[in-house]
Each structure stands twice: as structure tokens, then as C-alpha cells.
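*Asks:* Quick one, input.pdb (PDB, C-alpha atoms):
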```
MODEL        1
ATOM      1  CA  MET P 294      -0.964  -2.478  31.886
ATOM      2  CA  ALA P 295      -3.295  -2.417  28.948
ATOM      3  CA  LEU P 296      -2.441  -4.569  25.960
ATOM      4  CA  THR P 297      -2.613  -3.051  22.489
ATOM      5  CA  ALA P 298      -2.154  -4.441  19.007
ATOM      6  CA  GLY P 299      -1.476  -3.052  15.569
ATOM      7  CA  VAL P 300      -0.420  -3.778  12.019
ATOM      8  CA  ARG P 301       2.598  -2.877   9.954
ATOM      9  CA  ALA P 302       2.617   0.648   8.581
ATOM     10  CA  LYS P 303       4.913   2.300   6.044
ATOM     11  CA  THR P 304       5.300   5.951   6.965
ATOM     12  CA  ALA P 305       7.712   8.836   6.874
ATOM     13  CA  PRO P 306      10.641   8.600   9.284
ATOM     14  CA  PRO P 307       9.773   9.294  12.911
ATOM     15  CA  SER P 308      10.468  12.849  14.007
ATOM     16  CA  HIS P 309      13.302  13.719  16.360
ATOM     17  CA  SER P 310      14.787  16.581  18.288
ATOM     18  CA  ASP P 311      18.049  18.123  17.085
ATOM     19  CA  ALA P 312      19.108  18.665  20.704
ATOM     20  CA  TRP P 313      19.010  15.134  22.077
ATOM     21  CA  THR P 314      20.338  14.831  25.590
ATOM     22  CA  PHE P 315      19.695  12.487  28.465
ATOM     23  CA  ARG P 316      21.170  11.577  31.829
ATOM     24  CA  LEU P 317      19.689   8.377  33.249
ATOM     25  CA  ALA P 318      20.889   5.846  35.782
ATOM     26  CA  ASP P 319      20.580   2.169  35.019
ATOM     27  CA  THR P 320      19.344  -0.382  37.521
ATOM     28  CA  THR P 321      22.874  -0.859  38.891
ATOM     29  CA  GLY P 322      23.289   2.872  39.547
ATOM     30  CA  VAL P 323      25.594   3.621  36.596
ATOM     31  CA  VAL P 324      24.681   6.934  34.967
ATOM     32  CA  HIS P 325      24.447   6.992  31.163
ATOM     33  CA  THR P 326      24.360  10.057  28.911
ATOM     34  CA  GLU P 327      24.231  10.734  25.199
ATOM     35  CA  ARG P 328      27.975  11.524  25.276
ATOM     36  CA  GLU P 329      28.904   7.851  25.692
ATOM     37  CA  LEU P 330      27.232   7.132  22.344
ATOM     38  CA  ALA P 331      29.671   9.290  20.360
ATOM     39  CA  SER P 332      31.429   6.243  18.901
ATOM     40  CA  ALA P 333      28.346   4.019  18.494
ATOM     41  CA  SER P 334      27.413   2.969  14.985
ATOM     42  CA  ALA P 335      23.742   2.945  16.084
ATOM     43  CA  VAL P 336      21.639   2.788  19.246
ATOM     44  CA  VAL P 337      18.813   0.364  20.009
ATOM     45  CA  LEU P 338      16.321   1.094  22.776
ATOM     46  CA  PHE P 339      13.973  -1.610  24.017
ATOM     47  CA  PHE P 340      11.026  -0.220  25.966
ATOM     48  CA  LEU P 341      10.167  -2.623  28.786
ATOM     49  CA  ALA P 342       7.812  -3.127  31.707
ATOM     50  CA  PRO P 343       8.323  -5.641  34.503
ATOM     51  CA  ASP P 344       4.693  -6.769  34.498
ATOM     52  CA  CYS P 345       4.116  -7.042  30.740
ATOM     53  CA  PRO P 346       4.056 -10.717  29.687
ATOM     54  CA  ILE P 347       4.799  -9.892  26.046
ATOM     55  CA  SER P 348       7.822  -7.822  27.067
ATOM     56  CA  GLN P 349       8.995 -10.638  29.340
ATOM     57  CA  GLY P 350       8.669 -13.155  26.508
ATOM     58  CA  TYR P 351      10.947 -11.094  24.268
ATOM     59  CA  VAL P 352      13.900 -10.897  26.684
ATOM     60  CA  PRO P 353      15.811 -13.811  25.060
ATOM     61  CA  GLU P 354      15.472 -12.219  21.600
ATOM     62  CA  MET P 355      16.413  -8.769  22.908
ATOM     63  CA  ASN P 356      19.524 -10.315  24.492
ATOM     64  CA  ARG P 357      20.407 -12.093  21.227
ATOM     65  CA  ILE P 358      20.033  -8.850  19.262
ATOM     66  CA  ALA P 359      22.143  -6.858  21.735
ATOM     67  CA  GLN P 360      24.887  -9.499  21.702
ATOM     68  CA  ALA P 361      24.801 -10.031  17.915
ATOM     69  CA  TYR P 362      25.357  -6.351  17.120
ATOM     70  CA  ALA P 363      27.626  -5.253  19.988
ATOM     71  CA  ALA P 364      30.821  -6.133  18.106
ATOM     72  CA  ARG P 365      29.638  -3.892  15.243
ATOM     73  CA  GLY P 366      29.308  -0.860  17.516
ATOM     74  CA  VAL P 367      25.578  -0.982  18.190
ATOM     75  CA  ARG P 368      24.736   0.033  21.759
ATOM     76  CA  ALA P 369      21.584  -1.468  23.262
ATOM     77  CA  PHE P 370      19.658  -0.247  26.291
ATOM     78  CA  GLY P 371      16.445  -1.270  27.921
ATOM     79  CA  VAL P 372      14.192   1.587  28.959
ATOM     80  CA  GLN P 373      12.007   1.089  32.006
ATOM     81  CA  SER P 374       9.482   3.925  32.036
ATOM     82  CA  ASP P 375       6.576   2.273  33.830
ATOM     83  CA  LEU P 376       5.405   4.840  36.364
ATOM     84  CA  THR P 377       3.644   2.209  38.474
ATOM     85  CA  ALA P 378       6.594  -0.176  38.956
ATOM     86  CA  SER P 379       8.555   0.200  42.171
ATOM     87  CA  GLU P 380      12.346   0.226  42.093
ATOM     88  CA  ALA P 381      12.298  -3.094  43.961
ATOM     89  CA  ASP P 382      10.003  -4.633  41.321
ATOM     90  CA  VAL P 383      12.221  -3.373  38.518
ATOM     91  CA  SER P 384      15.410  -4.636  40.185
ATOM     92  CA  ARG P 385      13.822  -8.025  40.826
ATOM     93  CA  HIS P 386      12.636  -8.216  37.206
ATOM     94  CA  VAL P 387      16.056  -7.299  35.785
ATOM     95  CA  ALA P 388      17.782  -9.897  37.994
ATOM     96  CA  GLU P 389      15.258 -12.618  37.155
ATOM     97  CA  TYR P 390      15.303 -12.114  33.378
ATOM     98  CA  LYS P 391      19.071 -11.565  33.095
ATOM     99  CA  TYR P 392      19.185  -8.761  30.547
ATOM    100  CA  ALA P 393      22.454  -8.606  28.582
ATOM    101  CA  PHE P 394      22.379  -4.802  28.361
ATOM    102  CA  PRO P 395      21.828  -1.882  30.765
ATOM    103  CA  ILE P 396      18.248  -1.090  31.796
ATOM    104  CA  LEU P 397      17.717   2.670  32.125
ATOM    105  CA  ASN P 398      15.268   4.006  34.691
ATOM    106  CA  ASP P 399      13.291   6.616  32.767
ATOM    107  CA  ARG P 400      10.687   7.672  35.319
ATOM    108  CA  ARG P 401      10.419  11.139  33.778
ATOM    109  CA  GLN P 402       9.798   9.426  30.418
ATOM    110  CA  LEU P 403      12.408  11.468  28.566
ATOM    111  CA  LEU P 404      13.107   8.683  26.083
ATOM    112  CA  VAL P 405       9.399   7.904  25.705
ATOM    113  CA  ALA P 406       8.819  11.530  24.725
ATOM    114  CA  HIS P 407      11.847  11.652  22.419
ATOM    115  CA  THR P 408      10.986   8.462  20.545
ATOM    116  CA  GLY P 409       7.199   8.372  20.696
ATOM    117  CA  ALA P 410       7.221   4.813  22.096
ATOM    118  CA  THR P 411       3.732   3.665  23.069
ATOM    119  CA  VAL P 412       3.965   0.009  24.155
ATOM    120  CA  THR P 413       6.249  -2.568  25.711
ATOM    121  CA  PRO P 414       8.083  -4.193  24.131
ATOM    122  CA  GLU P 415       8.754  -1.626  21.462
ATOM    123  CA  ALA P 416      12.123  -1.195  19.767
ATOM    124  CA  VAL P 417      13.679   2.028  18.571
ATOM    125  CA  LEU P 418      16.739   2.315  16.359
ATOM    126  CA  MET P 419      18.476   5.659  16.233
ATOM    127  CA  THR P 420      21.713   7.293  15.286
ATOM    128  CA  ARG P 421      24.258   8.188  17.954
ATOM    129  CA  THR P 422      22.911  11.759  17.798
ATOM    130  CA  GLY P 423      19.342  10.678  18.524
ATOM    131  CA  ALA P 424      17.830  10.769  15.029
ATOM    132  CA  LEU P 425      15.157   8.093  14.823
ATOM    133  CA  LEU P 426      15.617   5.501  12.079
ATOM    134  CA  TYR P 427      13.032   2.871  13.058
ATOM    135  CA  ARG P 428      10.345   2.419  15.713
ATOM    136  CA  GLY P 429       8.115  -0.603  16.160
ATOM    137  CA  ARG P 430       8.017  -4.293  16.733
ATOM    138  CA  ILE P 431      11.065  -6.471  17.201
ATOM    139  CA  ASP P 432       9.656  -9.111  14.863
ATOM    140  CA  ASN P 433       6.270 -10.526  13.846
ATOM    141  CA  ARG P 434       6.091 -13.375  16.377
ATOM    142  CA  ILE P 435       3.170 -11.679  18.151
ATOM    143  CA  VAL P 436       0.344 -11.288  15.623
ATOM    144  CA  THR P 437      -2.115  -9.603  17.985
ATOM    145  CA  ILE P 438      -3.054  -9.915  21.630
ATOM    146  CA  GLY P 439      -3.478 -13.626  22.348
ATOM    147  CA  ILE P 440      -2.233 -14.784  18.925
ATOM    148  CA  ARG P 441       1.396 -15.649  18.312
ATOM    149  CA  ARG P 442       3.377 -17.547  15.712
ATOM    150  CA  PRO P 443       5.578 -20.451  16.816
ATOM    151  CA  GLU P 444       8.482 -18.555  15.228
ATOM    152  CA  ALA P 445       8.940 -15.118  13.726
ATOM    153  CA  THR P 446       9.002 -14.869   9.928
ATOM    154  CA  GLN P 447       9.857 -11.144   9.678
ATOM    155  CA  PHE P 448      12.686  -9.624  11.675
ATOM    156  CA  ASP P 449      11.888  -5.914  11.483
ATOM    157  CA  LEU P 450      14.418  -4.570  13.984
ATOM    158  CA  ARG P 451      17.255  -6.747  12.698
ATOM    159  CA  SER P 452      16.449  -5.673   9.112
ATOM    160  CA  ALA P 453      16.558  -2.003  10.125
ATOM    161  CA  VAL P 454      19.867  -2.438  11.985
ATOM    162  CA  ASP P 455      21.405  -4.387   9.086
ATOM    163  CA  ALA P 456      20.407  -1.689   6.588
ATOM    164  CA  THR P 457      21.786   1.058   8.829
ATOM    165  CA  LEU P 458      25.099  -0.726   9.319
ATOM    166  CA  ALA P 459      25.334  -1.204   5.534
ATOM    167  CA  GLY P 460      24.942   2.558   5.055
ATOM    168  CA  ARG P 461      21.367   2.367   3.764
ATOM    169  CA  ALA P 462      18.145   3.728   5.161
ATOM    170  CA  PRO P 463      15.871   1.007   6.547
ATOM    171  CA  SER P 464      13.251  -0.067   3.972
ATOM    172  CA  PHE P 465      10.556   0.949   6.474
ATOM    173  CA  THR P 466      10.764   3.285   9.448
ATOM    174  CA  ARG P 467       7.771   2.224  11.453
ATOM    175  CA  THR P 468       5.823  -0.872  12.333
ATOM    176  CA  THR P 469       3.227  -1.148  15.041
ATOM    177  CA  ALA P 470       4.369  -3.046  18.090
ATOM    178  CA  VAL P 471       1.967  -5.300  19.987
ATOM    179  CA  GLY P 472       2.195  -5.160  23.748
ATOM    180  CA  CYS P 473       1.316  -3.367  26.950
ATOM    181  CA  SER P 474       0.527   0.344  26.754
ATOM    182  CA  ILE P 475       3.022   2.765  28.257
ATOM    183  CA  VAL P 476       1.086   4.917  30.701
ATOM    184  CA  ARG P 477       2.142   8.519  30.113
ATOM    185  CA  ALA P 478       2.941  10.883  32.946
ATOM    186  CA  PRO P 479       0.176  13.460  33.511
TER     187      PRO P 479
ENDMDL
END
```
Take the structure in the file and write it out as C-alpha cells.

*Replies:*
Amino acid sequence: MALTAGVRAKTAPPSHSDAWTFRLADTTGVVHTERELASASAVVLFFLAPDCPISQGYVPEMNRIAQAYAARGVRAFGVQSDLTASEADVSRHVAEYKYAFPILNDRRQLLVAHTGATVTPEAVLMTRTGALLYRGRIDNRIVTIGIRRPEATQFDLRSAVDATLAGRAPSFTRTTAVGCSIVRAP
């Protein structure tokens, strides 16, 4: 996987499709669809790759975010869309890192296409109907490839979720995530 870096950007809200549907199995075989999100207050997707060290390093924070917001109706999913990872590699990775939320196998990259995700880890916040509210980094711990802060000082995803749950639009809709490039299907 190629590593890419970027900087924060204030832009218009990400685009979305009015007809958002998906049917994806998670790594345990449970099938998930958009219908199960009907009562969610918001949805967080974490784009992941089993061989991306930056993605691996964020698992504890992704688990904390998923657990912190679950009681408030936020549904979290990991999205594994790496076309080069075998099912065995993905299963091994999920077991080793102990994700606290379902990991969807998105080999057709439906959610990549819907959200515009480009790297792992990249976070997407959306409404239960699939409207994108925020896409970008989880926080600012990773400055650029090879440079990281001891601790994050900006919590972009948490800020976007907090605003959404308070009935406000996030103060920014996009930041640029730093991580491993998602290889797109031909």
C-alpha cells in the first residue's frame, strides 16, 4: 500500500447519492444493510487495511470512539476494501486487533465509491440515510508520513459527531487523512 499525506481543508459538504443501499457481510458472516441503520442517530465508517501500519495504530482510538458513541445511537463499522488482502489475512487481522465493531468486507468497493474514501485509516460520518457529513482524519496525531505527535490535539471525527448529535452541522466537512492509499478496482 502506498502512503499518502495531506493537510486540513475546509470545503463544501461531500456529495452523496440519494439512493444509498448496501448489502455487505462482515468478517463473521453477518450480513448488514442500510435498513438496520433506520434508528441510528449517525453512522461512522472507518476505512481499514490489514497491512497499513497507520490504520493498525488507530485501532484503539477507533474502538474508543465506537464505544463512546454507541449509547447515543451512533453505529460504527470498519470497511475493509483492500483488493489485495485475502480473506484469511483480513480474518487474522480482525482477530489480532480486536475491533469493537463489525468489519464489513467491501471487495466491490461500494462504500469507497459512495463516500469517496481514498486512504486507510479514513473516517466518514454520515446520516442514517447515507448523506455524508464529514470525511477525513480521525484526529491530528499523524502529521504526515513518518511524523506523528505523542498525542492528538485536534479530534476532528469526535468534533463532527458531537456537532451532529447536538443538531448542528459539523464546523468542517472534510480534512485530509494521512495513511495508505486505497487501491481502486479497475

*Asks:* Determine the nearest neighbour of Gly460 (chain P) from the options P:Glu389, P:Phe394, P:Ser334, P:Arg368, counting only C-alpha atoms.

*Replies:*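 Looking at the shortest contact to Gly460 (chain P), the residue is P:Ser334.
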
*Asks:* If I take CA of Ile431 (chain P) and CA of Glu415 (chain P), how far is one from the other in Å, to one decimal?

*Replies:*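 We find that CA of Ile431 (chain P) and CA of Glu415 (chain P) lie 6.9 Å from each other.
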
*Asks:* When the PyMOL selection byres ((chain P and resi 342) around 10) is applied to the file above, which residues end up in the set, as a list in words?

*Replies:* Met294, Phe339, Phe340, Leu341, Pro343, Asp344, Cys345, Pro346, Ile347, Ser348, Gln349, Gly371, Val372, Gln373, Ser374, Asp375, Leu376, Thr377, Ala378, Asp382, Val383, His386, Val412, Thr413, Pro414, Gly472, Cys473, Ser474 and Ile475 of chain P

*Asks:* Can you pull out the residues contacting Phe448 (chain P)? Cut-off 10 Å, using all atoms listed in the file, and skip same-chain residues under 3 positions away; I want them as JSON, numbers by chain.

*Replies:* {"P": [430, 431, 432, 433, 434, 445, 451, 452, 453]}

*Asks:* Under the rule that only C-alpha atoms are counted, which of P:Thr468, P:Gln360, P:Thr420, P:Gln402 is the nearest residue to Gln447 (chain P)?

*Replies:*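 Smallest separation from Gln447 (chain P) among the options: P:Thr468.
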
*Asks:* Figure out the distance between CA of Thr326 (chain P) and CA of Thr314 (chain P), please, to one decimal in Å.

*Replies:* 7.1 Å

*Asks:* Between P:Arg401, P:Lys391, P:Arg477, P:Arg421, single out the one closest to Arg316 (chain P), counting all atoms listed in the file.

*Replies:*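 Closest residue, counting all atoms listed in the file: P:Arg401.
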
*Asks:* Kindly provide, as a list of chain:residue names, the polymer residues lying within 12 Å of (23.3, 3.4, 39.6), counting all atoms listed in the file and using the coordinates exactly as they appear in the file.

*Replies:*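 Using all atoms listed in the file, the matching residues come out as P:Arg316, P:Leu317, P:Ala318, P:Asp319, P:Thr320, P:Thr321, P:Gly322, P:Val323, P:Val324, P:His325, P:Glu380, P:Ser384, P:Pro395, P:Ile396, P:Leu397, P:Asn398.
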
*Asks:* For CA of Val471 (chain P) and CA of Thr437 (chain P), quote the distance in Å rounded to one decimal.

*Replies:* 6.3 Å

*Asks:* Smallest atom-to-atom distance to Glu444 (chain P): which of P:Glu354, P:Ala410, P:Pro479, P:Ser464, using all atoms listed in the file?

*Replies:*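 So, comparing all the options, the nearest one is P:Glu354.
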
*Asks:* Rank nothing, just name the residue among P:Ala462, P:Ala381, P:Ala393, P:Ile435 nearest to Gly350 (chain P), using all atoms listed in the file.

*Replies:*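 Smallest separation from Gly350 (chain P) among the options: P:Ile435.
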
*Asks:* Between P:Gly429, P:Gly439, P:Gly409, P:Gly366, which is the closest to Leu330 (chain P) once you count all atoms listed in the file?

*Replies:* P:Gly366
